[in-house]
Amino acid sequence: MSHDANTNTNVSFLQKVIVVLGGVVAPFFVVYTLITPTVATKTPVAVIDVAKNIKPLAVVEVAPDRSNYVEMSGEEVFNQACAACHGTGLMSSPKIGDSAAWEARIALGFEVLAKNAIEGVRTMPSRGGNPDLTDNEVTKAVAYMANQSGASFTLP
C-alpha cells in the first residue's frame with residue numbers, strides 16, 4: 001500500500017509540474033507566435049490596430065492669420081504657381097506668350113478661364129496646385145497669362 005501512495009504522490013506532483021509548465025509555456029508560445037511575424041516587418045500588428053482605432057473623427061485646423069497678407073500680382077502668382085506648366089508647356093498646357101495655343105481659350109472669355117483656374121480643369125489642379133491662393137490672385141494670374149498671349153482682359 002505504501003508503494004501505491006508513493007506512486008500517487010509522484011503522479012500528482014508530475015501533474016502539477018505539467019500544469020504549471022503549461023501555464024507558463026503556453027502563453028509564451030502564443031505571444032511568441034503573434035509577435036514573430038510582426039518583428040520581421042518591424043511594425044507590430046497591435047500598434048497598427050491601435051493607431052486606426054484611436055484616430056480622431058475630425059481635425060480642426062485654424063486658418064492662418066491673413067490680417068497682414070498682401071495679395072500677389074498676376075505676374076507674381078504666375079512665377080510662383082503657374083510657370084512650372086505654363087512656362088514650359090508641361091502636360092500640354094498653353095505656354096504663356098503662345099497666342100495660337102491661347103486663342104481658343106481666350107475665346108471662352110475671362111470668366112470661364114478664371115473659373116477653370118480656380119476649380120481646376122483637365123490636368124490642371126485647382127488654383128494651380130496652391131490652395132493658399134485667393135480667388136482674386138488666381139484671376140489676376142489668368143489675366144496676366146492671357147494678356148501676355150494675345151488677350152486684352154482688364155486686370156481685376
# chains A, B, ... in the order shown; residues from 1 in each chain; ligands from 1
call {"tool": "residues_around", "arguments": {"residues": "Ser126 (chain A)", "least_positions_apart": "4", "cutoff": "12 Å", "atoms": "only C-alpha atoms", "output": "list in words"}}
result
Ala81, Cys82, Leu113, Ala114, Lys115, Asn116, Ala117, Ile118, Glu119, Gly120, Val121, Arg122, Asn130, Pro131, Asp132, Leu133, Thr134, Asp135 and Val138 of chain A
call {"tool": "write_last_selection", "arguments": {"atoms": "N, CA, C and O atoms", "output": "PDB file, in the first residue's frame"}}
result
ATOM      1  N   ALA A  81       3.228  79.900 -59.011  1.00  0.00           N
ATOM      2  CA  ALA A  81       2.372  78.715 -59.115  1.00  0.00           C
ATOM      3  C   ALA A  81       2.144  78.219 -60.535  1.00  0.00           C
ATOM      4  O   ALA A  81       1.848  77.048 -60.720  1.00  0.00           O
ATOM      5  N   CYS A  82       2.241  79.086 -61.526  1.00  0.00           N
ATOM      6  CA  CYS A  82       1.804  78.724 -62.883  1.00  0.00           C
ATOM      7  C   CYS A  82       2.956  78.411 -63.840  1.00  0.00           C
ATOM      8  O   CYS A  82       2.772  77.682 -64.818  1.00  0.00           O
ATOM      9  N   LEU A 113     -12.277  81.200 -68.054  1.00  0.00           N
ATOM     10  CA  LEU A 113     -10.867  80.901 -67.759  1.00  0.00           C
ATOM     11  C   LEU A 113     -10.584  81.015 -66.261  1.00  0.00           C
ATOM     12  O   LEU A 113      -9.896  80.169 -65.683  1.00  0.00           O
ATOM     13  N   ALA A 114     -11.113  82.068 -65.644  1.00  0.00           N
ATOM     14  CA  ALA A 114     -10.886  82.257 -64.211  1.00  0.00           C
ATOM     15  C   ALA A 114     -11.527  81.120 -63.407  1.00  0.00           C
ATOM     16  O   ALA A 114     -10.909  80.580 -62.485  1.00  0.00           O
ATOM     17  N   LYS A 115     -12.742  80.741 -63.761  1.00  0.00           N
ATOM     18  CA  LYS A 115     -13.440  79.642 -63.065  1.00  0.00           C
ATOM     19  C   LYS A 115     -12.648  78.338 -63.203  1.00  0.00           C
ATOM     20  O   LYS A 115     -12.471  77.605 -62.231  1.00  0.00           O
ATOM     21  N   ASN A 116     -12.163  78.058 -64.412  1.00  0.00           N
ATOM     22  CA  ASN A 116     -11.376  76.838 -64.642  1.00  0.00           C
ATOM     23  C   ASN A 116     -10.094  76.852 -63.821  1.00  0.00           C
ATOM     24  O   ASN A 116      -9.670  75.818 -63.296  1.00  0.00           O
ATOM     25  N   ALA A 117      -9.467  78.008 -63.729  1.00  0.00           N
ATOM     26  CA  ALA A 117      -8.217  78.100 -62.973  1.00  0.00           C
ATOM     27  C   ALA A 117      -8.472  77.927 -61.471  1.00  0.00           C
ATOM     28  O   ALA A 117      -7.678  77.309 -60.770  1.00  0.00           O
ATOM     29  N   ILE A 118      -9.565  78.471 -60.988  1.00  0.00           N
ATOM     30  CA  ILE A 118      -9.886  78.356 -59.565  1.00  0.00           C
ATOM     31  C   ILE A 118     -10.288  76.923 -59.220  1.00  0.00           C
ATOM     32  O   ILE A 118      -9.828  76.357 -58.225  1.00  0.00           O
ATOM     33  N   GLU A 119     -11.129  76.318 -60.049  1.00  0.00           N
ATOM     34  CA  GLU A 119     -11.647  74.973 -59.757  1.00  0.00           C
ATOM     35  C   GLU A 119     -10.770  73.843 -60.297  1.00  0.00           C
ATOM     36  O   GLU A 119     -10.867  72.719 -59.845  1.00  0.00           O
ATOM     37  N   GLY A 120      -9.957  74.136 -61.302  1.00  0.00           N
ATOM     38  CA  GLY A 120      -9.151  73.114 -61.955  1.00  0.00           C
ATOM     39  C   GLY A 120      -9.871  72.596 -63.187  1.00  0.00           C
ATOM     40  O   GLY A 120     -11.097  72.565 -63.227  1.00  0.00           O
ATOM     41  N   VAL A 121      -9.111  72.229 -64.185  1.00  0.00           N
ATOM     42  CA  VAL A 121      -9.689  71.711 -65.419  1.00  0.00           C
ATOM     43  C   VAL A 121      -8.684  70.747 -66.054  1.00  0.00           C
ATOM     44  O   VAL A 121      -7.477  70.990 -66.017  1.00  0.00           O
ATOM     45  N   ARG A 122      -9.189  69.648 -66.595  1.00  0.00           N
ATOM     46  CA  ARG A 122      -8.352  68.593 -67.176  1.00  0.00           C
ATOM     47  C   ARG A 122      -7.190  68.248 -66.230  1.00  0.00           C
ATOM     48  O   ARG A 122      -7.433  67.864 -65.116  1.00  0.00           O
ATOM     49  N   ASN A 130      -1.824  75.447 -55.683  1.00  0.00           N
ATOM     50  CA  ASN A 130      -1.531  76.180 -54.449  1.00  0.00           C
ATOM     51  C   ASN A 130      -2.841  76.589 -53.783  1.00  0.00           C
ATOM     52  O   ASN A 130      -3.425  77.613 -54.140  1.00  0.00           O
ATOM     53  N   PRO A 131      -3.303  75.828 -52.799  1.00  0.00           N
ATOM     54  CA  PRO A 131      -4.595  76.123 -52.177  1.00  0.00           C
ATOM     55  C   PRO A 131      -4.614  77.432 -51.388  1.00  0.00           C
ATOM     56  O   PRO A 131      -5.678  77.920 -51.029  1.00  0.00           O
ATOM     57  N   ASP A 132      -3.454  78.013 -51.127  1.00  0.00           N
ATOM     58  CA  ASP A 132      -3.400  79.261 -50.366  1.00  0.00           C
ATOM     59  C   ASP A 132      -3.696  80.501 -51.212  1.00  0.00           C
ATOM     60  O   ASP A 132      -3.873  81.586 -50.671  1.00  0.00           O
ATOM     61  N   LEU A 133      -3.724  80.340 -52.528  1.00  0.00           N
ATOM     62  CA  LEU A 133      -4.011  81.489 -53.380  1.00  0.00           C
ATOM     63  C   LEU A 133      -5.476  81.897 -53.249  1.00  0.00           C
ATOM     64  O   LEU A 133      -6.357  81.050 -53.201  1.00  0.00           O
ATOM     65  N   THR A 134      -5.718  83.187 -53.231  1.00  0.00           N
ATOM     66  CA  THR A 134      -7.099  83.678 -53.182  1.00  0.00           C
ATOM     67  C   THR A 134      -7.689  83.628 -54.592  1.00  0.00           C
ATOM     68  O   THR A 134      -6.951  83.551 -55.587  1.00  0.00           O
ATOM     69  N   ASP A 135      -9.012  83.695 -54.671  1.00  0.00           N
ATOM     70  CA  ASP A 135      -9.667  83.752 -55.981  1.00  0.00           C
ATOM     71  C   ASP A 135      -9.148  84.945 -56.779  1.00  0.00           C
ATOM     72  O   ASP A 135      -8.910  84.845 -57.983  1.00  0.00           O
ATOM     73  N   VAL A 138      -5.712  84.278 -58.265  1.00  0.00           N
ATOM     74  CA  VAL A 138      -5.799  83.351 -59.401  1.00  0.00           C
ATOM     75  C   VAL A 138      -6.315  84.098 -60.633  1.00  0.00           C
ATOM     76  O   VAL A 138      -5.772  83.944 -61.731  1.00  0.00           O
TER      77      VAL A 138
END
call {"tool": "atom_distance", "arguments": {"atom1": "CA of Val142 (chain A)", "atom2": "CA of Phe110 (chain A)"}}
result
7.9 Å
call {"tool": "atom_distance", "arguments": {"atom1": "CA of Pro94 (chain A)", "atom2": "CA of Asn79 (chain A)"}}
result
15.1 Å
call {"tool": "residues_around", "arguments": {"residues": "Ser149 (chain A)", "least_positions_apart": "5", "cutoff": "7 Å", "atoms": "only C-alpha atoms", "output": "PDB file with all heavy atoms, in the first residue's frame"}}
result
ATOM      1  N   ILE A  96       2.730  80.511 -71.889  1.00  0.00           N
ATOM      2  CA  ILE A  96       2.493  81.942 -71.881  1.00  0.00           C
ATOM      3  C   ILE A  96       3.212  82.560 -73.090  1.00  0.00           C
ATOM      4  O   ILE A  96       4.339  82.197 -73.414  1.00  0.00           O
ATOM      5  CB  ILE A  96       2.960  82.586 -70.555  1.00  0.00           C
ATOM      6  CG1 ILE A  96       2.487  84.033 -70.459  1.00  0.00           C
ATOM      7  CG2 ILE A  96       4.449  82.460 -70.372  1.00  0.00           C
ATOM      8  CD1 ILE A  96       2.687  84.652 -69.094  1.00  0.00           C
ATOM      9  N   GLY A  97       2.519  83.441 -73.792  1.00  0.00           N
ATOM     10  CA  GLY A  97       3.084  84.085 -74.979  1.00  0.00           C
ATOM     11  C   GLY A  97       2.761  83.372 -76.276  1.00  0.00           C
ATOM     12  O   GLY A  97       2.949  83.931 -77.347  1.00  0.00           O
ATOM     13  N   ASP A  98       2.272  82.144 -76.207  1.00  0.00           N
ATOM     14  CA  ASP A  98       1.925  81.378 -77.411  1.00  0.00           C
ATOM     15  C   ASP A  98       0.468  81.694 -77.773  1.00  0.00           C
ATOM     16  O   ASP A  98      -0.458  81.027 -77.327  1.00  0.00           O
ATOM     17  CB  ASP A  98       2.108  79.884 -77.147  1.00  0.00           C
ATOM     18  CG  ASP A  98       1.862  79.024 -78.371  1.00  0.00           C
ATOM     19  OD1 ASP A  98       1.340  79.538 -79.390  1.00  0.00           O
ATOM     20  OD2 ASP A  98       2.170  77.811 -78.302  1.00  0.00           O
ATOM     21  N   SER A  99       0.286  82.732 -78.581  1.00  0.00           N
ATOM     22  CA  SER A  99      -1.069  83.206 -78.887  1.00  0.00           C
ATOM     23  C   SER A  99      -1.913  82.145 -79.595  1.00  0.00           C
ATOM     24  O   SER A  99      -3.128  82.069 -79.372  1.00  0.00           O
ATOM     25  CB  SER A  99      -1.031  84.501 -79.697  1.00  0.00           C
ATOM     26  OG  SER A  99      -0.264  84.323 -80.860  1.00  0.00           O
ATOM     27  N   TRP A 102      -3.322  79.859 -76.976  1.00  0.00           N
ATOM     28  CA  TRP A 102      -4.270  80.543 -76.084  1.00  0.00           C
ATOM     29  C   TRP A 102      -5.525  81.013 -76.804  1.00  0.00           C
ATOM     30  O   TRP A 102      -6.523  81.340 -76.160  1.00  0.00           O
ATOM     31  CB  TRP A 102      -3.594  81.738 -75.410  1.00  0.00           C
ATOM     32  CG  TRP A 102      -2.769  81.334 -74.221  1.00  0.00           C
ATOM     33  CD1 TRP A 102      -1.459  80.960 -74.228  1.00  0.00           C
ATOM     34  CD2 TRP A 102      -3.212  81.248 -72.872  1.00  0.00           C
ATOM     35  NE1 TRP A 102      -1.048  80.640 -72.967  1.00  0.00           N
ATOM     36  CE2 TRP A 102      -2.116  80.821 -72.100  1.00  0.00           C
ATOM     37  CE3 TRP A 102      -4.426  81.490 -72.238  1.00  0.00           C
ATOM     38  CZ2 TRP A 102      -2.197  80.628 -70.733  1.00  0.00           C
ATOM     39  CZ3 TRP A 102      -4.495  81.311 -70.865  1.00  0.00           C
ATOM     40  CH2 TRP A 102      -3.389  80.878 -70.128  1.00  0.00           C
TER      41      TRP A 102
END
call {"tool": "closest_residue", "arguments": {"among": "A:Val31, A:Ile54, A:Ala84, A:Met72", "to": "Met124 (chain A)", "atoms": "only C-alpha atoms"}}
result
A:Ala84
call {"tool": "atom_distance", "arguments": {"atom1": "CA of Arg66 (chain A)", "atom2": "CA of Glu137 (chain A)"}}
result
14.0 Å
call {"tool": "select_by_dssp", "arguments": {"residues": "region 3-154 of chain A", "states": "helix (DSSP H, G or I)", "output": "MDAnalysis selection string"}}
result
chainID A and resid 3:41 45:53 74:86 90:92 99:108 110:119 126:129 135:147
call {"tool": "closest_residue", "arguments": {"among": "A:Gly150, A:Gly89, A:Pro64, A:Pro125", "to": "Ala104 (chain A)", "atoms": "only C-alpha atoms"}}
result
A:Gly150
